[in-house]
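Listing of model.pdb; format and content: PDB, C-alpha atoms.
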```pdb
ATOM      1  CA  MET A   1     -39.034  30.543  59.702
ATOM      2  CA  ILE A   2     -41.297  30.725  62.696
ATOM      3  CA  GLU A   3     -38.861  29.411  65.316
ATOM      4  CA  GLY A   4     -35.487  27.724  65.561
ATOM      5  CA  ASN A   5     -32.022  28.144  64.110
ATOM      6  CA  LEU A   6     -30.691  27.058  60.720
ATOM      7  CA  VAL A   7     -27.522  27.556  58.704
ATOM      8  CA  ALA A   8     -27.001  27.754  54.966
ATOM      9  CA  GLU A   9     -24.002  25.740  53.839
ATOM     10  CA  LYS A  10     -22.276  25.830  50.493
ATOM     11  CA  LYS A  11     -19.521  23.631  49.183
ATOM     12  CA  GLU A  12     -16.939  25.723  47.375
ATOM     13  CA  GLN A  13     -15.016  24.276  44.482
ATOM     14  CA  GLY A  14     -12.027  22.311  45.760
ATOM     15  CA  ASP A  15     -13.258  22.174  49.369
ATOM     16  CA  GLU A  16     -14.122  18.834  50.923
ATOM     17  CA  LEU A  17     -16.507  20.177  53.534
ATOM     18  CA  PRO A  18     -19.240  22.782  53.070
ATOM     19  CA  LYS A  19     -18.821  26.198  54.684
ATOM     20  CA  VAL A  20     -21.499  28.071  56.605
ATOM     21  CA  VAL A  21     -22.483  31.076  54.490
ATOM     22  CA  TYR A  22     -25.434  32.351  56.542
ATOM     23  CA  GLN A  23     -27.076  31.767  59.938
ATOM     24  CA  TYR A  24     -30.871  32.013  60.160
ATOM     25  CA  LYS A  25     -32.971  32.797  63.218
ATOM     26  CA  ALA A  26     -36.700  33.093  63.874
ATOM     27  CA  GLY A  27     -38.306  35.562  61.482
ATOM     28  CA  ASP A  28     -35.783  34.989  58.672
ATOM     29  CA  TYR A  29     -36.666  33.446  55.328
ATOM     30  CA  PHE A  30     -34.857  31.567  52.567
ATOM     31  CA  GLY A  31     -35.512  30.138  49.129
ATOM     32  CA  GLU A  32     -36.865  33.353  47.633
ATOM     33  CA  LEU A  33     -34.252  33.460  44.860
ATOM     34  CA  SER A  34     -35.448  30.120  43.544
ATOM     35  CA  LEU A  35     -39.030  31.367  43.550
ATOM     36  CA  ILE A  36     -38.257  34.721  41.940
ATOM     37  CA  HIS A  37     -35.775  33.585  39.303
ATOM     38  CA  ASP A  38     -36.898  29.964  38.827
ATOM     39  CA  ILE A  39     -33.401  28.630  39.551
ATOM     40  CA  SER A  40     -32.117  25.745  41.619
ATOM     41  CA  ARG A  41     -31.116  26.281  45.219
ATOM     42  CA  GLN A  42     -27.832  28.027  45.902
ATOM     43  CA  ALA A  43     -27.044  26.409  49.279
ATOM     44  CA  SER A  44     -28.097  23.581  51.558
ATOM     45  CA  ILE A  45     -29.996  24.300  54.762
ATOM     46  CA  LYS A  46     -29.095  22.495  57.986
ATOM     47  CA  THR A  47     -31.016  22.655  61.252
ATOM     48  CA  LEU A  48     -29.195  23.518  64.469
ATOM     49  CA  THR A  49     -32.249  23.273  66.714
ATOM     50  CA  LYS A  50     -35.835  22.142  66.417
ATOM     51  CA  VAL A  51     -37.512  24.392  63.865
ATOM     52  CA  ARG A  52     -41.006  25.345  62.802
ATOM     53  CA  LEU A  53     -41.343  26.574  59.241
ATOM     54  CA  ALA A  54     -43.986  28.086  57.029
ATOM     55  CA  SER A  55     -43.814  27.376  53.311
ATOM     56  CA  ILE A  56     -45.370  28.734  50.167
ATOM     57  CA  GLU A  57     -45.711  27.206  46.706
ATOM     58  CA  ARG A  58     -44.233  28.989  43.678
ATOM     59  CA  GLU A  59     -47.626  29.894  42.151
ATOM     60  CA  SER A  60     -48.903  31.352  45.423
ATOM     61  CA  PHE A  61     -45.672  33.294  45.886
ATOM     62  CA  LYS A  62     -45.936  34.761  42.383
ATOM     63  CA  ARG A  63     -49.598  35.627  42.875
ATOM     64  CA  LEU A  64     -48.984  37.353  46.205
ATOM     65  CA  LEU A  65     -45.559  38.939  45.704
ATOM     66  CA  GLY A  66     -44.754  38.663  42.014
ATOM     67  CA  SER A  67     -45.343  42.322  41.244
ATOM     68  CA  LEU A  68     -42.964  43.484  43.980
TER      69      LEU A  68
END
```
Reformat the file's structure so that it appears as structure tokens.
Amino acid sequence: MIEGNLVAEKKEQGDELPKVVYQYKAGDYFGELSLIHDISRQASIKTLTKVRLASIERESFKRLLGSL
């Protein structure tokens, strides 16, 4: 994330409302587990402020960082 603030929320079994599991700030990243392991997302992301993001497609991610 280039700028802004986000939170990751996850709804636990039996809970009505999702709980905040992580707070993101500028310079943080998310979604890498889905790219690395080819799995669905583990949480929902919610904006707290205006944000500016950079994104990368799975094939580009694998090409650039796959060997790490």
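Coordinates place CA of Glu9 (chain A) at a distance of 13.2 Å from CA of Gly31 (chain A).
Distances from A:Leu53, A:Leu64, A:Ile45, A:Leu33 to Lys19 (chain A) were compared using only C-alpha atoms, and the smallest one belongs to A:Ile45.
Using only C-alpha atoms for every distance, the candidate list A:Leu17, A:Glu12, A:Met1, A:Val51 yields A:Met1 as the residue closest to Phe30 (chain A).
For the atom pair formed by CA of Thr47 (chain A) and CA of Glu3 (chain A), the distance is 11.1 Å, given to one decimal.
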From (-33.4, 30.4, 47.8), in the file's coordinates, out to 8 Å: which residues are reached, counting all atoms listed in the file? Answer as a PyMOL selection string. chain A and resi 30-35+40-43
Within 12 Å of (-45.9, 31.5, 41.5), all atoms listed in the file: residues as a list in words? Glu32, Ser34, Leu35, Ile36, His37, Asp38, Ile56, Glu57, Arg58, Glu59, Ser60, Phe61, Lys62, Arg63, Leu64, Leu65, Gly66 and Ser67 of chain A
Determine the nearest neighbour of Ala8 (chain A) from the options A:Ala26, A:Ala54, A:Leu48, A:Val20, counting all atoms listed in the file. A:Val20
Per-axis box centre and lengths in Å around region 33-40 of chain A, 3 Å margin per side, axis-aligned, as AutoDock Vina command-line options:
```
--center_x -35.6 --center_y 30.2 --center_z 41.8 --size_x 12.9 --size_y 15.0 --size_z 12.0
```
Point-to-point distance in Å for CA of Gly27 (chain A) and CA of Val7 (chain A): 13.7 Å
The PyMOL selection byres ((chain A and resi 25) around 7) resolved against shown file, as a PDB file with C-alpha atoms, keeping the file's coordinate frame:
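Produced file part-v4.pdb, reproduced below:
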```pdb
ATOM      1  CA  GLY A   4     -35.487  27.724  65.561  1.00  0.00           C
ATOM      2  CA  ASN A   5     -32.022  28.144  64.110  1.00  0.00           C
ATOM      3  CA  LEU A   6     -30.691  27.058  60.720  1.00  0.00           C
ATOM      4  CA  GLN A  23     -27.076  31.767  59.938  1.00  0.00           C
ATOM      5  CA  TYR A  24     -30.871  32.013  60.160  1.00  0.00           C
ATOM      6  CA  ALA A  26     -36.700  33.093  63.874  1.00  0.00           C
ATOM      7  CA  GLY A  27     -38.306  35.562  61.482  1.00  0.00           C
ATOM      8  CA  ASP A  28     -35.783  34.989  58.672  1.00  0.00           C
TER       9      ASP A  28
END
```
File output, region 2-16 of chain A (N, CA, C and O atoms) as an mmCIF file, in the first residue's frame:
```
data_model
loop_
_atom_site.group_PDB
_atom_site.id
_atom_site.type_symbol
_atom_site.label_atom_id
_atom_site.label_comp_id
_atom_site.auth_asym_id
_atom_site.auth_seq_id
_atom_site.Cartn_x
_atom_site.Cartn_y
_atom_site.Cartn_z
ATOM 1 N N ILE A 2 0.568 2.158 -0.819
ATOM 2 C CA ILE A 2 1.393 3.357 -0.955
ATOM 3 C C ILE A 2 1.045 4.387 0.121
ATOM 4 O O ILE A 2 1.926 4.974 0.742
ATOM 5 N N GLU A 3 -0.243 4.600 0.355
ATOM 6 C CA GLU A 3 -0.658 5.510 1.428
ATOM 7 C C GLU A 3 -2.048 5.145 1.908
ATOM 8 O O GLU A 3 -2.839 4.540 1.191
ATOM 9 N N GLY A 4 -2.333 5.506 3.159
ATOM 10 C CA GLY A 4 -3.640 5.257 3.738
ATOM 11 C C GLY A 4 -3.599 4.236 4.861
ATOM 12 O O GLY A 4 -2.532 3.779 5.264
ATOM 13 N N ASN A 5 -4.773 3.908 5.357
ATOM 14 C CA ASN A 5 -4.910 2.947 6.446
ATOM 15 C C ASN A 5 -6.041 1.978 6.134
ATOM 16 O O ASN A 5 -7.124 2.397 5.712
ATOM 17 N N LEU A 6 -5.762 0.701 6.356
ATOM 18 C CA LEU A 6 -6.729 -0.373 6.113
ATOM 19 C C LEU A 6 -6.752 -1.286 7.327
ATOM 20 O O LEU A 6 -5.821 -1.289 8.128
ATOM 21 N N VAL A 7 -7.807 -2.089 7.436
ATOM 22 C CA VAL A 7 -7.841 -3.162 8.423
ATOM 23 C C VAL A 7 -8.256 -4.452 7.725
ATOM 24 O O VAL A 7 -9.005 -4.431 6.751
ATOM 25 N N ALA A 8 -7.736 -5.556 8.231
ATOM 26 C CA ALA A 8 -8.182 -6.873 7.799
ATOM 27 C C ALA A 8 -9.191 -7.339 8.829
ATOM 28 O O ALA A 8 -8.927 -7.288 10.032
ATOM 29 N N GLU A 9 -10.345 -7.782 8.347
ATOM 30 C CA GLU A 9 -11.395 -8.268 9.230
ATOM 31 C C GLU A 9 -11.715 -9.715 8.889
ATOM 32 O O GLU A 9 -11.690 -10.097 7.723
ATOM 33 N N LYS A 10 -12.011 -10.475 9.921
ATOM 34 C CA LYS A 10 -12.335 -11.882 9.722
ATOM 35 C C LYS A 10 -13.503 -12.232 10.621
ATOM 36 O O LYS A 10 -13.520 -11.875 11.798
ATOM 37 N N LYS A 11 -14.462 -12.923 10.046
ATOM 38 C CA LYS A 11 -15.619 -13.353 10.813
ATOM 39 C C LYS A 11 -15.337 -14.742 11.358
ATOM 40 O O LYS A 11 -15.120 -15.683 10.598
ATOM 41 N N GLU A 12 -15.284 -14.845 12.671
ATOM 42 C CA GLU A 12 -15.032 -16.124 13.320
ATOM 43 C C GLU A 12 -16.339 -16.905 13.420
ATOM 44 O O GLU A 12 -17.419 -16.320 13.482
ATOM 45 N N GLN A 13 -16.217 -18.191 13.431
ATOM 46 C CA GLN A 13 -17.397 -19.045 13.506
ATOM 47 C C GLN A 13 -18.204 -18.719 14.760
ATOM 48 O O GLN A 13 -17.656 -18.626 15.855
ATOM 49 N N GLY A 14 -19.497 -18.486 14.580
ATOM 50 C CA GLY A 14 -20.378 -18.167 15.691
ATOM 51 C C GLY A 14 -20.507 -16.683 15.983
ATOM 52 O O GLY A 14 -21.418 -16.275 16.684
ATOM 53 N N ASP A 15 -19.601 -15.868 15.466
ATOM 54 C CA ASP A 15 -19.679 -14.416 15.689
ATOM 55 C C ASP A 15 -20.562 -13.775 14.631
ATOM 56 O O ASP A 15 -20.532 -14.173 13.469
ATOM 57 N N GLU A 16 -21.324 -12.776 15.040
ATOM 58 C CA GLU A 16 -22.162 -12.054 14.084
ATOM 59 C C GLU A 16 -21.364 -11.023 13.304
ATOM 60 O O GLU A 16 -21.566 -10.851 12.114
#
```
